[in-house]
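Peer 1: Structure file structure.csv (CSV, N, CA and C atoms and all ligand atoms) is given on the next line.
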chain,number,residue,atom,x,y,z
A,1,MET,N,0.8,-1.2,0.0
A,1,MET,CA,0.0,0.0,0.0
A,1,MET,C,0.9,1.3,0.0
A,2,ASP,N,0.6,2.2,-0.9
A,2,ASP,CA,1.3,3.4,-0.9
A,2,ASP,C,1.0,4.2,0.4
A,3,GLU,N,2.0,4.9,0.9
A,3,GLU,CA,1.7,5.7,2.1
A,3,GLU,C,0.8,6.9,1.8
A,4,PRO,N,-0.3,7.0,2.5
A,4,PRO,CA,-1.1,8.2,2.2
A,4,PRO,C,-0.4,9.5,2.8
A,5,ASN,N,-0.7,10.7,2.2
A,5,ASN,CA,-0.2,11.8,2.9
A,5,ASN,C,-1.1,12.2,4.0
A,6,VAL,N,-0.7,11.7,5.2
A,6,VAL,CA,-1.5,11.9,6.4
A,6,VAL,C,-1.7,13.4,6.7
A,7,TYR,N,-0.6,14.1,6.5
A,7,TYR,CA,-0.6,15.6,6.8
A,7,TYR,C,-1.7,16.3,6.0
A,8,GLU,N,-1.8,15.9,4.7
A,8,GLU,CA,-2.8,16.5,3.9
A,8,GLU,C,-4.2,16.1,4.3
A,9,LEU,N,-4.3,14.9,4.9
A,9,LEU,CA,-5.6,14.4,5.3
A,9,LEU,C,-6.1,15.1,6.6
A,10,ILE,N,-5.2,15.3,7.5
A,10,ILE,CA,-5.7,15.7,8.9
A,10,ILE,C,-5.1,17.1,9.3
A,11,GLY,N,-4.0,17.5,8.7
A,11,GLY,CA,-3.4,18.8,9.0
A,11,GLY,C,-2.9,18.9,10.4
A,12,GLU,N,-2.4,20.1,10.7
A,12,GLU,CA,-1.8,20.3,12.1
A,12,GLU,C,-2.8,20.0,13.1
A,13,GLU,N,-4.1,20.4,12.8
A,13,GLU,CA,-5.1,20.3,13.8
A,13,GLU,C,-5.4,18.8,14.2
A,14,GLY,N,-5.4,17.9,13.2
A,14,GLY,CA,-5.6,16.5,13.4
A,14,GLY,C,-4.5,15.9,14.3
A,15,PHE,N,-3.3,16.3,14.0
A,15,PHE,CA,-2.2,15.8,14.9
A,15,PHE,C,-2.3,16.4,16.3
A,16,ALA,N,-2.7,17.6,16.4
A,16,ALA,CA,-2.8,18.3,17.7
A,16,ALA,C,-3.9,17.6,18.5
A,17,ARG,N,-5.0,17.3,17.9
A,17,ARG,CA,-6.1,16.6,18.6
A,17,ARG,C,-5.7,15.2,19.1
A,18,LEU,N,-5.0,14.5,18.3
A,18,LEU,CA,-4.6,13.1,18.6
A,18,LEU,C,-3.6,13.2,19.8
A,19,VAL,N,-2.5,14.0,19.6
A,19,VAL,CA,-1.5,14.0,20.6
A,19,VAL,C,-1.9,14.7,21.9
A,20,GLY,N,-2.8,15.7,21.8
A,20,GLY,CA,-3.4,16.3,23.0
A,20,GLY,C,-4.2,15.3,23.8
A,21,ALA,N,-5.0,14.5,23.1
A,21,ALA,CA,-5.8,13.4,23.8
A,21,ALA,C,-4.9,12.4,24.4
A,22,PHE,N,-3.8,12.1,23.8
A,22,PHE,CA,-2.8,11.1,24.4
A,22,PHE,C,-2.3,11.7,25.7
A,23,TYR,N,-1.7,12.9,25.6
A,23,TYR,CA,-1.0,13.5,26.8
A,23,TYR,C,-2.0,13.9,28.0
A,24,ARG,N,-3.2,14.1,27.7
A,24,ARG,CA,-4.2,14.4,28.8
A,24,ARG,C,-4.3,13.2,29.7
A,25,GLN,N,-4.0,12.0,29.2
A,25,GLN,CA,-4.2,10.8,30.0
A,25,GLN,C,-2.9,10.5,30.8
A,26,VAL,N,-1.8,11.0,30.4
A,26,VAL,CA,-0.5,10.6,31.0
A,26,VAL,C,-0.4,10.8,32.5
A,27,PRO,N,-0.8,12.0,33.0
A,27,PRO,CA,-0.7,12.3,34.5
A,27,PRO,C,-1.5,11.3,35.3
A,28,LYS,N,-2.5,10.7,34.8
A,28,LYS,CA,-3.4,9.8,35.6
A,28,LYS,C,-2.9,8.3,35.4
A,29,ASP,N,-1.9,8.1,34.6
A,29,ASP,CA,-1.5,6.7,34.3
A,29,ASP,C,-0.4,6.2,35.3
A,30,ASP,N,-0.7,5.1,35.9
A,30,ASP,CA,0.3,4.6,36.9
A,30,ASP,C,1.7,4.3,36.3
A,31,ILE,N,1.8,3.8,35.1
A,31,ILE,CA,3.1,3.5,34.6
A,31,ILE,C,3.7,4.7,33.9
A,32,LEU,N,3.0,5.3,33.0
A,32,LEU,CA,3.6,6.4,32.2
A,32,LEU,C,3.8,7.7,32.9
A,33,SER,N,3.0,8.0,34.0
A,33,SER,CA,3.2,9.3,34.7
A,33,SER,C,4.6,9.3,35.4
A,34,LYS,N,5.1,8.1,35.6
A,34,LYS,CA,6.5,8.1,36.3
A,34,LYS,C,7.6,8.3,35.3
A,35,MET,N,7.3,8.2,34.0
A,35,MET,CA,8.4,8.3,33.1
A,35,MET,C,8.5,9.7,32.4
A,36,TYR,N,7.3,10.3,32.2
A,36,TYR,CA,7.3,11.6,31.5
A,36,TYR,C,7.6,12.8,32.5
A,37,PRO,N,8.3,13.8,32.0
A,37,PRO,CA,8.6,14.9,32.9
A,37,PRO,C,7.4,15.7,33.4
A,38,PRO,N,7.0,15.7,34.7
A,38,PRO,CA,5.8,16.3,35.1
A,38,PRO,C,5.7,17.8,34.9
A,39,ASP,N,6.9,18.4,34.9
A,39,ASP,CA,6.9,19.9,34.7
A,39,ASP,C,7.1,20.3,33.3
A,40,ASP,N,7.2,19.3,32.4
A,40,ASP,CA,7.4,19.7,31.0
A,40,ASP,C,6.5,18.8,30.1
A,41,LEU,N,5.3,18.5,30.5
A,41,LEU,CA,4.4,17.6,29.7
A,41,LEU,C,4.0,18.4,28.4
A,42,HIS,N,3.9,19.7,28.6
A,42,HIS,CA,3.5,20.5,27.4
A,42,HIS,C,4.6,20.4,26.3
A,43,GLY,N,5.9,20.5,26.8
A,43,GLY,CA,7.0,20.3,25.9
A,43,GLY,C,7.0,18.9,25.2
A,44,ALA,N,6.8,17.9,26.0
A,44,ALA,CA,6.8,16.5,25.5
A,44,ALA,C,5.7,16.4,24.5
A,45,GLU,N,4.5,17.0,24.7
A,45,GLU,CA,3.4,16.9,23.8
A,45,GLU,C,3.8,17.6,22.5
A,46,GLU,N,4.5,18.7,22.6
A,46,GLU,CA,4.9,19.4,21.4
A,46,GLU,C,6.0,18.6,20.6
A,47,ARG,N,6.9,17.9,21.3
A,47,ARG,CA,7.9,17.1,20.6
A,47,ARG,C,7.3,16.0,19.8
A,48,LEU,N,6.3,15.2,20.4
A,48,LEU,CA,5.7,14.1,19.7
A,48,LEU,C,4.9,14.7,18.5
A,49,ARG,N,4.1,15.7,18.8
A,49,ARG,CA,3.3,16.3,17.7
A,49,ARG,C,4.1,16.7,16.5
A,50,ASP,N,5.2,17.5,16.8
A,50,ASP,CA,6.0,18.0,15.7
A,50,ASP,C,6.8,16.9,15.0
A,51,PHE,N,7.2,15.8,15.8
A,51,PHE,CA,7.8,14.7,15.1
A,51,PHE,C,6.8,14.1,14.1
A,52,LEU,N,5.6,13.8,14.5
A,52,LEU,CA,4.6,13.1,13.7
A,52,LEU,C,4.3,14.0,12.5
A,53,ILE,N,4.1,15.3,12.7
A,53,ILE,CA,3.8,16.2,11.6
A,53,ILE,C,4.9,16.2,10.5
A,54,GLY,N,6.2,16.2,11.0
A,54,GLY,CA,7.3,16.1,10.0
A,54,GLY,C,7.4,14.8,9.3
A,55,ARG,N,7.1,13.7,10.1
A,55,ARG,CA,7.3,12.4,9.5
A,55,ARG,C,6.2,12.1,8.5
A,56,PHE,N,5.0,12.8,8.6
A,56,PHE,CA,3.9,12.5,7.8
A,56,PHE,C,3.6,13.6,6.8
A,57,GLY,N,4.6,14.3,6.4
A,57,GLY,CA,4.4,15.2,5.2
A,57,GLY,C,4.3,16.7,5.5
A,58,GLY,N,4.3,17.1,6.8
A,58,GLY,CA,4.2,18.5,7.1
A,58,GLY,C,5.5,19.2,7.4
A,59,PRO,N,5.5,20.4,8.0
A,59,PRO,CA,6.7,21.1,8.2
A,59,PRO,C,7.7,20.4,9.1
A,60,GLN,N,9.0,20.6,8.9
A,60,GLN,CA,10.1,19.8,9.6
A,60,GLN,C,10.5,20.5,10.9
A,61,ARG,N,9.6,21.0,11.7
A,61,ARG,CA,9.9,21.7,12.9
A,61,ARG,C,10.7,20.8,13.9
A,62,TYR,N,10.3,19.5,14.0
A,62,TYR,CA,11.0,18.6,14.9
A,62,TYR,C,12.5,18.6,14.6
A,63,ILE,N,12.8,18.3,13.4
A,63,ILE,CA,14.2,18.1,13.0
A,63,ILE,C,15.0,19.5,13.2
A,64,GLU,N,14.3,20.6,12.8
A,64,GLU,CA,15.0,21.9,13.0
A,64,GLU,C,15.3,22.1,14.5
A,65,ARG,N,14.4,21.7,15.4
A,65,ARG,CA,14.7,22.0,16.8
A,65,ARG,C,15.5,20.9,17.5
A,66,ARG,N,15.3,19.7,17.1
A,66,ARG,CA,15.9,18.6,17.9
A,66,ARG,C,16.9,17.8,17.1
A,67,GLY,N,17.1,18.0,15.8
A,67,GLY,CA,18.0,17.3,15.0
A,67,GLY,C,17.4,15.9,14.6
A,68,HIS,N,18.3,15.0,14.2
A,68,HIS,CA,17.9,13.7,13.7
A,68,HIS,C,17.1,13.0,14.9
A,69,PRO,N,16.0,12.4,14.6
A,69,PRO,CA,15.2,11.8,15.7
A,69,PRO,C,15.8,10.8,16.5
A,70,ARG,N,16.6,9.8,15.9
A,70,ARG,CA,17.2,8.8,16.7
A,70,ARG,C,16.3,8.3,17.9
A,71,LEU,N,15.1,7.9,17.5
A,71,LEU,CA,14.1,7.7,18.6
A,71,LEU,C,14.5,6.6,19.5
A,72,ARG,N,15.1,5.5,19.0
A,72,ARG,CA,15.3,4.4,19.9
A,72,ARG,C,16.4,4.8,20.9
A,73,ALA,N,17.4,5.5,20.4
A,73,ALA,CA,18.4,6.0,21.4
A,73,ALA,C,17.9,7.0,22.4
A,74,ARG,N,17.0,7.9,21.9
A,74,ARG,CA,16.4,8.9,22.8
A,74,ARG,C,15.5,8.2,23.9
A,75,HIS,N,15.0,7.0,23.6
A,75,HIS,CA,14.2,6.4,24.6
A,75,HIS,C,15.0,5.5,25.6
A,76,MET,N,16.3,5.3,25.4
A,76,MET,CA,17.1,4.5,26.2
A,76,MET,C,17.1,4.9,27.7
A,77,PRO,N,17.0,6.2,28.0
A,77,PRO,CA,17.0,6.5,29.4
A,77,PRO,C,15.7,6.0,30.2
A,78,PHE,N,14.7,5.6,29.4
A,78,PHE,CA,13.5,5.1,30.1
A,78,PHE,C,13.4,3.6,30.0
A,79,SER,N,13.0,2.9,31.0
A,79,SER,CA,12.9,1.5,30.9
A,79,SER,C,11.6,1.1,30.3
A,80,ILE,N,11.6,0.7,29.1
A,80,ILE,CA,10.4,0.4,28.3
A,80,ILE,C,10.3,-1.1,28.1
A,81,ASP,N,9.4,-1.8,28.9
A,81,ASP,CA,9.2,-3.2,28.8
A,81,ASP,C,7.9,-3.4,28.0
A,82,GLN,N,7.5,-4.7,27.9
A,82,GLN,CA,6.3,-4.9,27.1
A,82,GLN,C,5.1,-4.2,27.7
A,83,ALA,N,5.0,-4.2,29.1
A,83,ALA,CA,3.9,-3.6,29.7
A,83,ALA,C,3.8,-2.1,29.5
A,84,ALA,N,4.9,-1.4,29.5
A,84,ALA,CA,5.0,0.0,29.2
A,84,ALA,C,4.6,0.3,27.8
A,85,ARG,N,5.1,-0.6,26.9
A,85,ARG,CA,4.7,-0.4,25.5
A,85,ARG,C,3.2,-0.6,25.3
A,86,ASP,N,2.7,-1.7,25.9
A,86,ASP,CA,1.3,-1.9,25.7
A,86,ASP,C,0.4,-0.8,26.3
A,87,ARG,N,0.9,-0.2,27.4
A,87,ARG,CA,0.1,0.9,28.0
A,87,ARG,C,0.1,2.1,27.1
A,88,TRP,N,1.3,2.4,26.5
A,88,TRP,CA,1.5,3.5,25.6
A,88,TRP,C,0.5,3.4,24.5
A,89,VAL,N,0.5,2.2,23.9
A,89,VAL,CA,-0.4,1.9,22.8
A,89,VAL,C,-1.9,2.0,23.2
A,90,ALA,N,-2.2,1.5,24.4
A,90,ALA,CA,-3.6,1.6,24.9
A,90,ALA,C,-4.0,3.1,25.0
A,91,LEU,N,-3.2,3.9,25.6
A,91,LEU,CA,-3.5,5.4,25.7
A,91,LEU,C,-3.7,6.0,24.3
A,92,MET,N,-2.9,5.5,23.4
A,92,MET,CA,-3.0,6.0,22.0
A,92,MET,C,-4.3,5.5,21.4
A,93,ASP,N,-4.7,4.3,21.7
A,93,ASP,CA,-6.0,3.8,21.2
A,93,ASP,C,-7.1,4.7,21.7
A,94,ASN,N,-7.1,5.1,23.0
A,94,ASN,CA,-8.1,6.0,23.5
A,94,ASN,C,-8.1,7.3,22.8
A,95,ALA,N,-6.9,7.8,22.5
A,95,ALA,CA,-6.7,9.1,21.8
A,95,ALA,C,-7.3,9.0,20.4
A,96,PHE,N,-7.1,7.9,19.7
A,96,PHE,CA,-7.7,7.7,18.4
A,96,PHE,C,-9.2,7.8,18.5
A,97,ALA,N,-9.8,7.1,19.5
A,97,ALA,CA,-11.2,7.1,19.7
A,97,ALA,C,-11.7,8.5,19.9
A,98,GLU,N,-11.0,9.3,20.7
A,98,GLU,CA,-11.4,10.7,20.9
A,98,GLU,C,-11.2,11.6,19.7
A,99,ALA,N,-10.1,11.4,19.0
A,99,ALA,CA,-9.8,12.4,17.9
A,99,ALA,C,-10.7,12.2,16.7
A,100,ALA,N,-11.2,11.0,16.5
A,100,ALA,CA,-12.1,10.7,15.3
A,100,ALA,C,-11.5,11.2,14.0
A,101,LEU,N,-10.4,10.7,13.7
A,101,LEU,CA,-9.7,11.1,12.4
A,101,LEU,C,-10.3,10.3,11.2
A,102,PRO,N,-10.1,10.8,10.0
A,102,PRO,CA,-10.6,10.0,8.9
A,102,PRO,C,-10.0,8.6,8.9
A,103,ALA,N,-10.7,7.6,8.5
A,103,ALA,CA,-10.3,6.2,8.6
A,103,ALA,C,-9.0,5.9,8.0
A,104,GLU,N,-8.7,6.4,6.8
A,104,GLU,CA,-7.5,6.1,6.1
A,104,GLU,C,-6.2,6.6,6.9
A,105,ALA,N,-6.4,7.8,7.4
A,105,ALA,CA,-5.3,8.4,8.2
A,105,ALA,C,-5.1,7.6,9.5
A,106,GLU,N,-6.2,7.3,10.2
A,106,GLU,CA,-6.2,6.6,11.5
A,106,GLU,C,-5.5,5.2,11.3
A,107,GLY,N,-6.0,4.5,10.2
A,107,GLY,CA,-5.4,3.1,10.0
A,107,GLY,C,-3.9,3.2,9.8
A,108,PHE,N,-3.4,4.1,9.1
A,108,PHE,CA,-2.0,4.2,8.8
A,108,PHE,C,-1.2,4.6,10.0
A,109,LEU,N,-1.7,5.6,10.7
A,109,LEU,CA,-1.0,6.1,11.9
A,109,LEU,C,-1.0,5.0,13.0
A,110,ARG,N,-2.1,4.3,13.2
A,110,ARG,CA,-2.1,3.2,14.2
A,110,ARG,C,-1.1,2.1,14.0
A,111,GLU,N,-1.0,1.7,12.7
A,111,GLU,CA,0.0,0.7,12.3
A,111,GLU,C,1.4,1.2,12.6
A,112,PHE,N,1.7,2.4,12.1
A,112,PHE,CA,3.0,3.0,12.3
A,112,PHE,C,3.4,3.1,13.8
A,113,LEU,N,2.5,3.6,14.6
A,113,LEU,CA,2.8,3.9,16.0
A,113,LEU,C,2.9,2.5,16.8
A,114,SER,N,2.1,1.6,16.4
A,114,SER,CA,2.2,0.3,17.1
A,114,SER,C,3.5,-0.4,16.8
A,115,GLN,N,3.9,-0.3,15.6
A,115,GLN,CA,5.2,-1.0,15.2
A,115,GLN,C,6.4,-0.2,15.9
A,116,MET,N,6.3,1.1,15.8
A,116,MET,CA,7.4,1.9,16.4
A,116,MET,C,7.4,1.7,18.0
A,117,ALA,N,6.3,1.5,18.6
A,117,ALA,CA,6.2,1.3,20.0
A,117,ALA,C,6.9,0.0,20.4
A,118,THR,N,6.7,-1.1,19.5
A,118,THR,CA,7.4,-2.3,19.8
A,118,THR,C,8.9,-2.2,19.6
A,119,PHE,N,9.3,-1.4,18.7
A,119,PHE,CA,10.7,-1.1,18.4
A,119,PHE,C,11.4,-0.4,19.6
A,120,MET,N,10.6,0.4,20.4
A,120,MET,CA,11.2,1.1,21.5
A,120,MET,C,11.4,0.3,22.7
A,121,ILE,N,10.9,-1.0,22.7
A,121,ILE,CA,11.2,-1.9,23.9
A,121,ILE,C,12.7,-2.1,24.1
A,122,ASN,N,13.1,-1.8,25.3
A,122,ASN,CA,14.6,-1.9,25.6
A,122,ASN,C,14.9,-2.6,26.9
A,123,GLN,N,13.8,-3.3,27.5
A,123,GLN,CA,13.9,-4.0,28.8
A,123,GLN,C,13.1,-5.3,28.7
A,124,ALA,N,13.7,-6.4,29.2
A,124,ALA,CA,12.9,-7.6,29.2
A,124,ALA,C,11.7,-7.5,30.2
A,201,LIG,C1,6.7,2.3,23.6
A,201,LIG,C2,6.3,3.2,24.5
A,201,LIG,C3,6.8,4.5,24.7
A,201,LIG,C4,7.1,5.1,25.9
A,201,LIG,C5,7.0,4.5,27.2
A,201,LIG,C6,7.7,6.4,25.5
A,201,LIG,C7,8.1,7.3,26.5
A,201,LIG,C8,8.7,8.5,26.2
A,201,LIG,C9,9.2,9.5,27.2
A,201,LIG,C10,9.2,9.2,28.7
A,201,LIG,C11,9.7,10.5,26.5
A,201,LIG,C12,10.3,11.8,27.1
A,201,LIG,C13,9.3,12.9,27.0
A,201,LIG,C14,9.9,14.2,26.5
A,201,LIG,O1,10.5,14.9,27.3
A,201,LIG,O2,9.9,14.5,25.3
A,201,LIG,C15,9.5,10.3,25.1
A,201,LIG,C16,9.9,11.2,24.1
A,201,LIG,C17,9.6,11.0,22.8
A,201,LIG,N1,8.9,10.0,22.2
A,201,LIG,FE1,8.3,8.3,23.2
A,201,LIG,N2,7.6,6.6,24.2
A,201,LIG,C18,7.1,5.5,23.6
A,201,LIG,C19,6.9,5.3,22.3
A,201,LIG,C20,7.0,6.3,21.3
A,201,LIG,C21,6.6,6.1,19.9
A,201,LIG,C22,6.0,4.9,19.3
A,201,LIG,C23,7.0,7.3,19.3
A,201,LIG,C24,6.8,7.7,17.9
A,201,LIG,C25,6.9,6.9,16.8
A,201,LIG,C26,7.6,8.2,20.3
A,201,LIG,C27,8.1,9.4,20.0
A,201,LIG,C28,8.7,10.2,20.9
A,201,LIG,C29,9.3,11.5,20.6
A,201,LIG,C30,9.4,12.2,19.2
A,201,LIG,C31,9.9,12.0,21.8
A,201,LIG,C32,10.7,13.3,21.9
A,201,LIG,C33,12.2,12.9,21.8
A,201,LIG,C34,13.1,14.1,21.9
A,201,LIG,O3,13.2,14.9,21.0
A,201,LIG,O4,13.7,14.2,23.0
A,201,LIG,N3,7.6,7.5,21.5
A,201,LIG,N4,8.9,9.1,24.9
Represent the structure contained in this file as structure tokens.

Peer 2:
Amino acid sequence: MDEPNVYELIGEEGFARLVGAFYRQVPKDDILSKMYPPDDLHGAEERLRDFLIGRFGGPQRYIERRGHPRLRARHMPFSIDQAARDRWVALMDNAFAEAALPAEAEGFLREFLSQMATFMINQA
């Protein structure tokens, strides 16, 4: 399947809705709240949003600000086991339900995020 231009389909606003709905759940989550910086959740939200926007056809703000993503290396300081990965994906599932994106965009993003989440596992 060719990759759809998700940015054209959902725009900045679609990514903002999805990532906003994800981060709203983080402070209440018993696993993830211990990993994310409590005083910079807003910054973390912006980093994930800008990364996805750039990856899916929009402006390259993430790379301009943070350089090459090297996401697996950047996640090494956090211990990500299967349970943490599954929780991250579960919160993202809730966020998809809330954001109600067009089906083609949602299907593609879900697949990408779930595979990338598995790739971030760095602890047995
Ligand atoms: C597998 C479960 C995951 C966990 C537990 C996790 C956790 C974290 C944590 C704690 C941070 C630091 C927050 C910050 O200050 O930015 C972070 C950063 C980030 N994560 Fe994840 N993450 C996961 C999966 C993913 C996936 C699947 C993606 C995207 C494909 C992703 C993209 C990012 C990005 C772009 C950053 C900012 C990196 C930077 O510029 O420093 N993460 N993640």

Peer 1: Taking into account only N, CA and C atoms, which residue in the set A:Leu113, A:Gly67, A:Ser33, A:Val19 is nearest to Glu46 (chain A)?

Peer 2: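 Looking at the shortest contact to Glu46 (chain A), the residue is A:Val19.
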
Peer 1: May I have the residues at most 7 Å from (-0.2, 16.5, 2.0) in the file's coordinates, counting only N, CA and C atoms, as a list in words?

Peer 2: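 Those residues, ordered by chain and then number, are Asn5, Val6, Tyr7, Glu8, Leu9, Phe56, Gly57 and Gly58 of chain A.
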
Peer 1: Figure out the distance between atom C33 of ligand LIG 201 (chain A) and CA of His68 (chain A), please, to one decimal in Å.

Peer 2: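 If I compute the distance from CA of His68 (chain A) to atom C33 of ligand LIG 201 (chain A), I get 9.9 Å.
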
Peer 1: Distance limit 5 Å, reference ligand LIG 201 (chain A), atoms considered: all atoms listed in the file. Which residues make the cut? Give them as a PyMOL selection string.

Peer 2: chain A and resi 35-36+44+47-48+84-85+88+113+116-117

Peer 1: Please identify all polymer residues within 8 Å of Arg49 (chain A), counting only N, CA and C atoms, omitting same-chain residues fewer than 2 positions from it, and present them as a PyMOL selection string.

Peer 2: chain A and resi 15-16+18-20+43-47+51-55+62

Peer 1: Find, counting only C-alpha atoms, the residue in A:Glu3, A:Ile121, A:Pro69, A:Arg17 that gets nearest to Met92 (chain A).

Peer 2: A:Arg17

Peer 1: Quick one: pull the distance between CA of Ala83 (chain A) and atom C of Asp39 (chain A), Å, one decimal.

Peer 2: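 We find that CA of Ala83 (chain A) and atom C of Asp39 (chain A) lie 24.4 Å from each other.
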
Peer 1: May I have the residues within 5 Å of region 78-80 of chain A as a list of chain:residue names, using all atoms listed in the file and disregarding those fewer than 2 positions away in the same chain?

Peer 2: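 Counting only the stated atoms, we get A:His75, A:Met76, A:Gln82, A:Ile121, A:Asn122, A:Gln123.
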
Peer 1: Just to confirm, what's the straight-line distance from atom C of Glu64 (chain A) to CA of Met120 (chain A) in Å (one decimal)?

Peer 2: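 CA of Met120 (chain A) lies 22.5 Å from atom C of Glu64 (chain A).
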
Peer 1: May I ask which of the residues A:Pro102, A:Pro59, A:Phe119, A:His42 is the closest one to Ala73 (chain A), counting only C-alpha atoms?

Peer 2: A:Phe119
